[in-house]
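Here is coords-v5.tsv, consisting of TSV, C-alpha atoms:
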chain	number	residue	atom	x	y	z
O	198	MET	CA	9.92	42.50	62.10
O	199	PRO	CA	7.07	41.40	64.40
O	200	TYR	CA	7.64	40.90	68.09
O	201	ARG	CA	7.46	37.28	69.11
O	202	SER	CA	6.39	36.07	72.50
O	203	LEU	CA	9.22	35.22	74.86
O	204	ALA	CA	6.94	32.63	76.44
O	205	LEU	CA	6.97	30.36	73.37
O	206	PRO	CA	10.69	29.40	73.39
O	207	LEU	CA	10.61	29.23	77.19
O	208	ALA	CA	7.60	26.90	77.07
O	209	VAL	CA	9.34	24.62	74.57
O	210	ALA	CA	12.55	24.56	76.64
O	211	TYR	CA	10.65	23.93	79.86
O	212	ALA	CA	8.61	21.13	78.26
O	213	LEU	CA	11.81	19.41	77.13
O	214	LEU	CA	13.23	19.66	80.64
O	215	VAL	CA	10.03	18.17	82.09
O	216	VAL	CA	10.29	15.26	79.65
O	217	TYR	CA	13.89	14.74	80.77
O	218	ALA	CA	12.94	14.76	84.45
O	219	SER	CA	10.03	12.39	83.88
O	220	THR	CA	12.01	9.78	81.91
O	221	TYR	CA	15.26	9.84	83.89
O	222	PRO	CA	17.42	7.66	84.09
O	223	PHE	CA	16.65	6.42	80.51
O	224	THR	CA	17.90	2.87	81.22
O	225	GLY	CA	16.26	-0.53	81.57
O	226	TRP	CA	13.37	0.13	79.21
O	227	ARG	CA	11.22	-2.99	78.89
O	228	TRP	CA	7.64	-4.03	78.19
O	229	PRO	CA	6.00	-5.17	81.46
O	230	PRO	CA	5.64	-8.98	81.38
O	231	GLY	CA	2.14	-10.10	80.48
O	232	ALA	CA	0.81	-6.56	80.04
O	233	ALA	CA	-1.33	-5.65	77.06
O	234	LEU	CA	-1.37	-2.23	75.44
O	235	ALA	CA	-4.74	-1.48	77.04
O	236	ASP	CA	-3.24	-2.23	80.47
O	237	LEU	CA	-0.49	0.33	79.95
O	238	LEU	CA	-2.99	3.02	79.03
O	239	VAL	CA	-4.54	2.78	82.51
O	240	VAL	CA	-2.40	4.68	85.01
O	241	PRO	CA	-2.83	3.25	88.54
O	242	TRP	CA	-3.64	5.41	91.54
O	243	LEU	CA	-0.93	5.17	94.19
O	244	PRO	CA	-1.96	7.10	97.33
O	245	TRP	CA	1.33	6.72	99.17
O	246	ARG	CA	3.70	9.57	98.35
O	247	GLY	CA	5.77	11.98	100.38
O	248	TRP	CA	5.02	15.68	100.60
O	249	PHE	CA	8.15	16.54	98.62
O	250	ASP	CA	7.07	14.44	95.64
O	251	ASP	CA	3.54	15.86	95.77
O	252	LEU	CA	4.82	19.43	95.90
O	253	SER	CA	7.25	18.76	93.05
O	254	ASN	CA	4.51	17.32	90.85
O	255	LEU	CA	2.23	20.26	91.61
O	256	LEU	CA	4.72	23.08	91.14
O	257	GLY	CA	6.64	21.37	88.32
O	258	TYR	CA	3.80	21.98	85.85
O	259	THR	CA	2.81	25.43	87.13
O	260	PRO	CA	5.30	27.36	84.95
O	261	LEU	CA	4.36	25.26	81.93
O	262	GLY	CA	0.67	26.20	82.17
O	263	ALA	CA	1.53	29.86	82.63
O	264	LEU	CA	3.97	29.93	79.70
O	265	ILE	CA	1.56	28.19	77.31
O	266	PHE	CA	-1.19	30.65	78.21
O	267	VAL	CA	1.07	33.66	77.68
O	268	ALA	CA	2.36	32.26	74.38
O	269	ALA	CA	-1.18	31.60	73.14
O	270	VAL	CA	-2.79	34.87	74.26
O	271	ARG	CA	0.03	37.01	72.76
O	272	GLY	CA	-0.18	39.78	75.34
O	273	THR	CA	-2.81	41.98	73.67
O	274	GLY	CA	-5.20	39.19	72.66
O	275	THR	CA	-8.98	39.37	72.79
O	276	ARG	CA	-11.20	37.58	75.30
O	277	TRP	CA	-11.80	34.84	72.74
O	278	GLN	CA	-8.04	34.37	72.37
O	279	ALA	CA	-7.73	34.28	76.16
O	280	THR	CA	-10.39	31.56	76.34
O	281	MET	CA	-8.58	29.49	73.73
O	282	ALA	CA	-5.30	30.11	75.55
O	283	VAL	CA	-6.81	28.67	78.74
O	284	ILE	CA	-7.88	25.56	76.83
O	285	TRP	CA	-4.42	25.10	75.33
O	286	ALA	CA	-2.71	25.75	78.69
O	287	LEU	CA	-4.78	22.99	80.31
O	288	ALA	CA	-4.96	20.47	77.47
O	289	LEU	CA	-1.30	20.39	76.42
O	290	PRO	CA	0.20	19.82	79.91
O	291	ALA	CA	-2.51	17.23	80.69
O	292	ALA	CA	-1.77	15.33	77.47
O	293	MET	CA	1.98	15.52	78.07
O	294	SER	CA	1.68	14.39	81.69
O	295	TYR	CA	-0.55	11.44	80.76
O	296	SER	CA	1.84	10.38	77.98
O	297	LEU	CA	4.82	10.54	80.34
O	298	GLU	CA	3.03	8.57	83.07
O	299	VAL	CA	2.20	5.86	80.52
O	300	MET	CA	5.80	5.91	79.32
O	301	GLN	CA	7.07	5.49	82.90
O	302	GLN	CA	5.48	2.03	82.97
O	303	LEU	CA	8.26	0.99	80.59
O	304	ILE	CA	11.00	2.23	82.97
O	305	PRO	CA	11.61	-0.07	85.97
O	306	GLN	CA	13.10	2.74	88.10
O	307	ARG	CA	10.00	4.95	87.75
O	308	VAL	CA	6.60	4.52	89.42
O	309	PRO	CA	3.69	5.88	87.33
O	310	SER	CA	0.74	7.19	89.29
O	311	ALA	CA	-2.59	8.82	88.53
O	312	ARG	CA	-1.95	10.88	91.65
O	313	ASP	CA	1.06	12.47	89.92
O	314	LEU	CA	-1.06	13.05	86.81
O	315	THR	CA	-3.72	14.80	88.86
O	316	LEU	CA	-1.17	16.99	90.62
O	317	ASN	CA	0.44	17.86	87.29
O	318	VAL	CA	-2.89	18.99	85.84
O	319	CYS	CA	-3.66	20.97	89.00
O	320	GLY	CA	-0.25	22.63	88.76
O	321	ALA	CA	-0.85	23.59	85.13
O	322	ALA	CA	-4.28	24.95	86.11
O	323	LEU	CA	-2.69	27.01	88.88
O	324	GLY	CA	-0.14	28.49	86.46
O	325	THR	CA	-2.86	29.20	83.93
O	326	LEU	CA	-4.95	30.98	86.56
O	327	VAL	CA	-2.04	33.20	87.61
O	328	ALA	CA	-1.20	34.06	83.99
O	329	ALA	CA	-4.86	34.75	83.16
O	330	LEU	CA	-5.15	37.13	86.11
O	331	LEU	CA	-1.98	38.95	85.00
O	332	TRP	CA	-3.46	39.27	81.50
O	333	HIS	CA	-6.78	40.50	82.91
O	334	TRP	CA	-5.02	43.13	85.04
O	335	GLY	CA	-2.92	44.30	82.07
O	336	ALA	CA	0.45	43.11	83.34
O	337	LEU	CA	1.21	41.08	80.21
O	338	GLN	CA	0.32	44.00	77.97
O	339	ALA	CA	2.59	46.27	79.99
O	340	TRP	CA	5.43	43.74	79.64
O	341	GLN	CA	4.97	43.65	75.86
O	342	ARG	CA	5.17	47.44	75.67
O	343	LEU	CA	8.32	47.35	77.81
O	344	GLN	CA	9.79	44.68	75.56
O	345	GLU	CA	9.14	46.77	72.47
O	346	ARG	CA	10.88	49.78	74.02
O	347	TRP	CA	13.92	47.93	75.36
O	348	PHE	CA	14.57	45.06	72.99
O	349	VAL	CA	14.93	44.69	69.25
O	350	ALA	CA	12.40	42.77	67.19
O	351	ASP	CA	12.77	38.98	66.98
O	352	SER	CA	14.68	38.86	70.28
O	353	ALA	CA	12.50	36.34	72.13
O	354	SER	CA	14.85	33.39	71.64
O	355	GLY	CA	17.83	35.48	72.76
O	356	MET	CA	15.97	36.57	75.88
O	357	ALA	CA	15.13	32.92	76.58
O	358	LEU	CA	18.83	32.09	76.45
O	359	LEU	CA	19.57	34.87	78.94
O	360	LEU	CA	16.92	33.58	81.34
O	361	LEU	CA	18.29	30.02	81.12
O	362	TRP	CA	21.87	31.14	81.78
O	363	PRO	CA	21.52	31.49	85.61
O	364	VAL	CA	19.96	28.00	85.74
O	365	ALA	CA	23.08	26.61	84.06
O	366	LEU	CA	25.31	28.24	86.67
O	367	LEU	CA	23.65	26.37	89.56
O	368	MET	CA	25.56	23.16	88.85
O	369	PRO	CA	29.15	22.66	90.10
O	370	GLN	CA	31.50	23.96	87.41
O	371	PRO	CA	35.17	23.26	86.65
O	372	LEU	CA	35.82	27.04	86.70
O	373	PRO	CA	33.80	30.05	87.86
O	374	LEU	CA	31.09	30.67	85.23
O	375	GLY	CA	32.49	27.77	83.22
O	376	LEU	CA	29.83	26.14	81.05
O	377	GLY	CA	29.81	23.66	78.19
O	378	GLN	CA	32.21	21.00	79.50
O	379	VAL	CA	30.72	18.12	77.53
O	380	PHE	CA	34.03	16.38	76.84
O	381	GLU	CA	34.18	14.63	80.23
O	382	PRO	CA	30.66	13.04	80.09
O	383	LEU	CA	31.18	12.10	76.43
O	384	HIS	CA	34.52	10.53	77.35
O	385	ARG	CA	32.92	8.49	80.13
O	386	ALA	CA	30.08	7.43	77.85
O	387	ALA	CA	32.49	6.33	75.12
O	388	LEU	CA	34.53	4.23	77.58
O	389	ALA	CA	31.34	2.65	78.93
O	390	VAL	CA	30.18	1.70	75.43
O	391	LEU	CA	33.57	0.21	74.49
O	392	GLU	CA	33.96	-1.67	77.78
O	393	GLY	CA	33.96	-5.43	77.19
O	394	VAL	CA	34.19	-5.11	73.42
O	395	THR	CA	37.22	-7.19	72.44
O	396	TRP	CA	37.96	-5.60	69.09
O	397	ALA	CA	37.64	-2.09	70.60
O	398	GLN	CA	40.24	-2.53	73.35
O	399	PRO	CA	42.96	-0.66	71.39
O	400	ILE	CA	40.55	2.25	70.95
O	401	SER	CA	39.73	2.24	74.68
O	402	LEU	CA	43.42	2.26	75.60
O	403	MET	CA	44.01	5.12	73.18
O	404	ILE	CA	41.24	7.40	74.43
O	405	ALA	CA	41.44	6.53	78.14
O	406	PRO	CA	44.26	9.03	78.95
O	407	LEU	CA	42.46	11.90	77.22
O	408	ALA	CA	40.60	12.84	80.41
O	409	ALA	CA	43.81	13.48	82.33
O	410	ALA	CA	43.90	17.19	81.55
O	411	GLN	CA	46.63	19.42	82.93
O	412	PRO	CA	45.73	22.37	85.16
O	413	LEU	CA	45.07	25.54	83.23
O	414	ALA	CA	47.51	28.40	83.44
O	415	PRO	CA	46.30	31.38	85.52
O	416	ILE	CA	45.85	33.48	82.39
O	417	SER	CA	43.72	30.74	80.81
O	418	GLU	CA	41.55	30.48	83.93
O	419	ALA	CA	41.09	34.24	83.93
O	420	LEU	CA	40.13	34.25	80.24
O	421	ALA	CA	37.68	31.39	80.79
O	422	THR	CA	35.99	33.24	83.65
O	423	ALA	CA	35.96	36.54	81.77
O	424	SER	CA	34.48	34.96	78.66
O	425	GLY	CA	31.90	33.20	80.86
O	426	LEU	CA	30.46	36.60	81.78
O	427	LEU	CA	31.27	38.45	78.57
O	428	ALA	CA	29.37	36.00	76.33
O	429	PRO	CA	25.91	36.49	77.94
O	430	SER	CA	26.63	40.18	78.40
O	431	LEU	CA	27.26	40.62	74.67
O	432	LEU	CA	24.16	38.58	73.95
O	433	ALA	CA	22.19	41.01	76.11
O	434	VAL	CA	23.82	43.96	74.35
O	435	ALA	CA	22.93	42.56	70.93
O	436	ILE	CA	19.19	42.37	71.63
O	437	THR	CA	18.85	45.67	73.53
O	438	ARG	CA	18.05	49.10	72.08
O	439	GLY	CA	20.12	52.18	72.92
O	440	VAL	CA	23.48	52.56	74.63
O	441	PHE	CA	22.09	53.43	78.07
O	442	ARG	CA	19.75	50.42	78.11
O	443	ARG	CA	22.65	48.23	76.99
O	444	TRP	CA	24.69	49.46	79.96
O	445	VAL	CA	21.82	48.58	82.27
O	446	MET	CA	21.66	45.08	80.80
O	447	VAL	CA	25.42	44.60	81.27
O	448	ALA	CA	25.06	45.62	84.92
O	449	LEU	CA	22.15	43.20	85.36
O	450	MET	CA	24.17	40.34	83.85
O	451	ALA	CA	27.06	41.05	86.22
O	452	ILE	CA	24.69	41.07	89.20
O	453	ALA	CA	23.08	37.83	88.01
O	454	ALA	CA	26.50	36.19	87.65
O	455	LEU	CA	27.59	37.21	91.16
O	456	ALA	CA	24.31	36.17	92.77
O	457	THR	CA	23.91	32.85	90.96
O	458	GLN	CA	27.54	31.75	91.30
O	459	THR	CA	27.47	32.62	95.00
O	460	LEU	CA	24.24	30.67	95.46
O	461	SER	CA	25.69	27.72	93.56
O	462	THR	CA	28.81	27.70	95.76
O	463	ALA	CA	26.70	27.90	98.91
O	464	ILE	CA	24.50	24.99	97.76
O	465	ASN	CA	27.30	22.74	96.55
O	466	PHE	CA	29.81	23.41	99.33
O	467	SER	CA	28.58	25.34	102.34
O	468	PRO	CA	27.13	28.79	103.08
O	469	ASP	CA	30.36	29.52	104.94
O	470	TYR	CA	32.24	29.28	101.62
O	471	ALA	CA	29.67	31.06	99.46
O	472	LEU	CA	32.13	33.79	98.44
O	473	ALA	CA	35.21	31.57	98.24
O	474	TRP	CA	35.02	31.53	94.44
O	475	ILE	CA	35.80	35.27	94.26
O	476	GLY	CA	39.57	35.55	94.30
O	477	HIS	CA	41.89	38.22	92.97
O	478	THR	CA	42.11	36.57	89.54
O	479	THR	CA	38.35	36.04	89.35
O	480	ALA	CA	37.57	39.62	90.36
O	481	SER	CA	39.97	40.94	87.73
O	482	ALA	CA	38.45	38.68	85.07
O	483	LEU	CA	34.90	39.80	85.90
O	484	SER	CA	35.93	43.45	85.83
O	485	LEU	CA	37.57	42.94	82.44
O	486	ALA	CA	34.42	41.31	81.09
O	487	VAL	CA	32.17	44.15	82.31
O	488	LEU	CA	34.49	46.82	80.94
O	489	THR	CA	34.73	45.09	77.55
O	490	ALA	CA	30.95	44.73	77.32
O	491	LEU	CA	30.45	48.42	78.16
O	492	VAL	CA	32.91	49.45	75.47
O	493	LEU	CA	31.27	47.22	72.86
O	494	SER	CA	27.85	48.62	73.77
O	495	VAL	CA	28.43	51.50	71.36
O	496	SER	CA	29.08	49.12	68.44
O	497	ASN	CA	26.50	48.09	65.88
O	498	THR	CA	24.55	44.91	66.46
O	499	ARG	CA	26.22	42.87	63.74
O	500	ALA	CA	29.69	43.58	65.13
O	501	VAL	CA	28.50	42.54	68.59
O	502	TYR	CA	27.21	39.27	67.12
O	503	ALA	CA	30.63	38.52	65.61
O	504	VAL	CA	32.59	39.34	68.77
O	505	ALA	CA	30.15	37.36	70.92
O	506	LEU	CA	30.58	34.31	68.69
O	507	VAL	CA	34.36	34.48	69.08
O	508	VAL	CA	34.01	34.88	72.86
O	509	VAL	CA	31.66	31.90	73.24
O	510	THR	CA	33.94	29.71	71.11
O	511	LEU	CA	36.96	30.73	73.19
O	512	HIS	CA	35.04	29.96	76.38
O	513	VAL	CA	34.10	26.46	75.23
O	514	VAL	CA	37.68	25.70	74.18
O	515	LEU	CA	39.14	26.84	77.51
O	516	VAL	CA	36.53	25.11	79.68
O	517	SER	CA	36.95	21.83	77.79
O	518	GLN	CA	40.64	21.85	78.74
O	519	ALA	CA	39.98	22.34	82.47
O	520	PRO	CA	40.74	19.24	84.60
O	521	LEU	CA	38.17	17.59	86.83
O	522	ASP	CA	38.03	19.01	90.34
O	523	PRO	CA	37.72	16.18	92.95
O	524	TYR	CA	35.48	18.39	95.09
O	525	ARG	CA	33.27	19.05	92.07
O	526	VAL	CA	33.04	15.31	91.33
O	527	ALA	CA	32.01	14.62	94.93
O	528	ASN	CA	29.35	17.31	94.79
O	529	LEU	CA	28.02	15.97	91.49
O	530	GLN	CA	27.68	12.53	93.07
O	531	ALA	CA	25.81	14.06	96.01
O	532	TRP	CA	23.42	15.77	93.60
O	533	GLU	CA	22.91	12.56	91.63
O	534	GLN	CA	22.13	10.47	94.71
O	535	GLY	CA	19.95	12.95	96.58
O	536	ARG	CA	16.32	13.93	96.30
O	537	PHE	CA	17.27	16.72	93.87
O	538	ILE	CA	18.27	14.15	91.26
O	539	ARG	CA	15.80	15.55	88.72
O	540	PHE	CA	16.89	19.14	89.23
O	541	HIS	CA	20.48	17.96	88.93
O	542	GLY	CA	19.75	16.59	85.48
O	543	LEU	CA	17.92	19.71	84.35
O	544	ALA	CA	20.64	22.13	85.46
O	545	GLN	CA	23.37	19.88	84.12
O	546	TRP	CA	21.85	19.65	80.65
O	547	VAL	CA	21.34	23.41	80.52
O	548	GLY	CA	24.95	23.91	81.61
O	549	TRP	CA	26.23	21.54	78.95
O	550	LEU	CA	24.18	22.90	76.07
O	551	TRP	CA	23.87	26.62	76.81
O	552	PRO	CA	27.13	27.76	75.10
O	553	TYR	CA	26.37	25.69	72.00
O	554	ALA	CA	22.81	26.99	71.81
O	555	CYS	CA	24.24	30.51	72.10
O	556	MET	CA	26.71	29.79	69.29
O	557	ALA	CA	23.91	28.49	67.06
O	558	TRP	CA	21.79	31.57	67.80
O	559	LEU	CA	24.65	33.93	66.98
O	560	LEU	CA	25.50	32.06	63.78
O	561	ALA	CA	21.88	32.23	62.68
O	562	ARG	CA	21.85	36.00	63.20
O	563	LEU	CA	25.15	36.51	61.40
O	564	THR	CA	24.25	34.43	58.36
O	565	ARG	CA	20.72	35.68	57.75
O	566	ARG	CA	20.08	38.45	55.24
O	567	ARG	CA	20.05	42.00	56.51

Rewritten as structure tokens:
Amino acid sequence: MPYRSLALPLAVAYALLVVYASTYPFTGWRWPPGAALADLLVVPWLPWRGWFDDLSNLLGYTPLGALIFVAAVRGTGTRWQATMAVIWALALPAAMSYSLEVMQQLIPQRVPSARDLTLNVCGAALGTLVAALLWHWGALQAWQRLQERWFVADSASGMALLLLWPVALLMPQPLPLGLGQVFEPLHRAALAVLEGVTWAQPISLMIAPLAAAQPLAPISEALATASGLLAPSLLAVAITRGVFRRWVMVALMAIAALATQTLSTAINFSPDYALAWIGHTTASALSLAVLTALVLSVSNTRAVYAVALVVVTLHVVLVSQAPLDPYRVANLQAWEQGRFIRFHGLAQWVGWLWPYACMAWLLARLTRRR
């Protein structure tokens, strides 16, 4: 099967996250009073902005420009393909940024600005320039050759999932490496929708106690943590060639888990407590996950797919039963009210959806024809 560019699924995922950040908080949509359609198509220039907002608008579109260029040039493309890739890498982010700035005029909490649009386009141009230089120097071609040696064909989407996994771990979690806890936000959303609806009061009273989960048993916490590392490790094993390379990938996933979870704890609590999440039970669970992944590295790819699907499903079930941590709730509120509100939303959505995206990917691989 042909090798597909890893940049394409990453560009799509990153574009969706940019749309999320640009349209947050999704409430209060209204047509500005007295404004015609032609008035909305003109984005005003607002010179007053802080340095943090300017830097965010500049750097926020830099990866998007680079990813679109890499996806369009396809590593070993000709100079003509590189020229067309530059055009796509500039035109698509510019069109998306302009559309989002126009859309922000319908959201009272957002302030559209041609200044933001200009910074977005400059950021995409900066990313395109960096990617074009890497292509000119042969770095992208070298990466493609490395990808062909290390990873199986049609593994780009799986590699994209692995790269998004550390992002998901940056948000406060109910358990170490615990992802996919969508029950709590869905429960809150359902109660908010039913609030004030007279005929739905019995339903509200029935589902209100569902959030009062009991603490997990120590063995369940250990299994949740172990499956939190084992699932991405098996995903890495499934897309990697050769037993030795698979062992290297398992080691890299363990290092990424330790580094990202420690960084997340330091950000959400304090650098003094960065390693507080590593207890005896957690260390044993991580060791079990690494050992299991190493053993399964000698199995065929289809068997790894099946085991990984079971592991991800088990992880989602266990994490959904974990109770809310009051310290985690306080930290989530701090994220939501601070200047990192947009990054909070991005990391939170990745954390919610990553296990389910992984399950869909594994199911697609298991059900397709050999």

Query - Given only C-alpha atoms as the counted atoms, nearest of O:Leu360, O:Val239, O:Val349, O:Val513 to O:Thr437 - result: O:Val349

Requested in this report: Please measure the separation of atom CA of O:Ile475 and atom CA of O:Leu455, giving the value in Å to one decimal.
Outcome: 9.0 Å

Report the closest atom pair, with its distance in Å rounded to one decimal, for each residue of stretch 201-236 of chain O that has an atom no farther than 10 Å from stretch 255-258 of chain O; count all atoms listed in the file, sort by chain and then rising residue number, and write it as a Markdown table.
| residue | atom | partner | partner_atom | distance |
| --- | --- | --- | --- | --- |
| O:Tyr211 | CA | O:Tyr258 | CA | 9.3 |
| O:Ala212 | CA | O:Tyr258 | CA | 9.0 |
| O:Val215 | CA | O:Gly257 | CA | 7.8 |
| O:Ala218 | CA | O:Gly257 | CA | 9.9 |

**Report entry** Which of O:Ala235, O:Val379, O:Ala328, O:Ala350 sits closest to O:Trp546 [using all atoms listed in the file]
**Finding:** O:Val379

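Proximity to O:Ala554 was assessed for O:Ser354, O:Ser496, O:Thr478, O:Thr459 counting only C-alpha atoms; the smallest distance is recorded for O:Ser354.
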
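Reported to one decimal place, the separation of atom CA of O:Leu460 from atom CA of O:Leu515 is 23.6 Å.
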
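Counting only C-alpha atoms, the residue from O:Ile416, O:Ala519, O:Leu491, O:Leu252 that sits nearest to O:Arg312 is O:Leu252.
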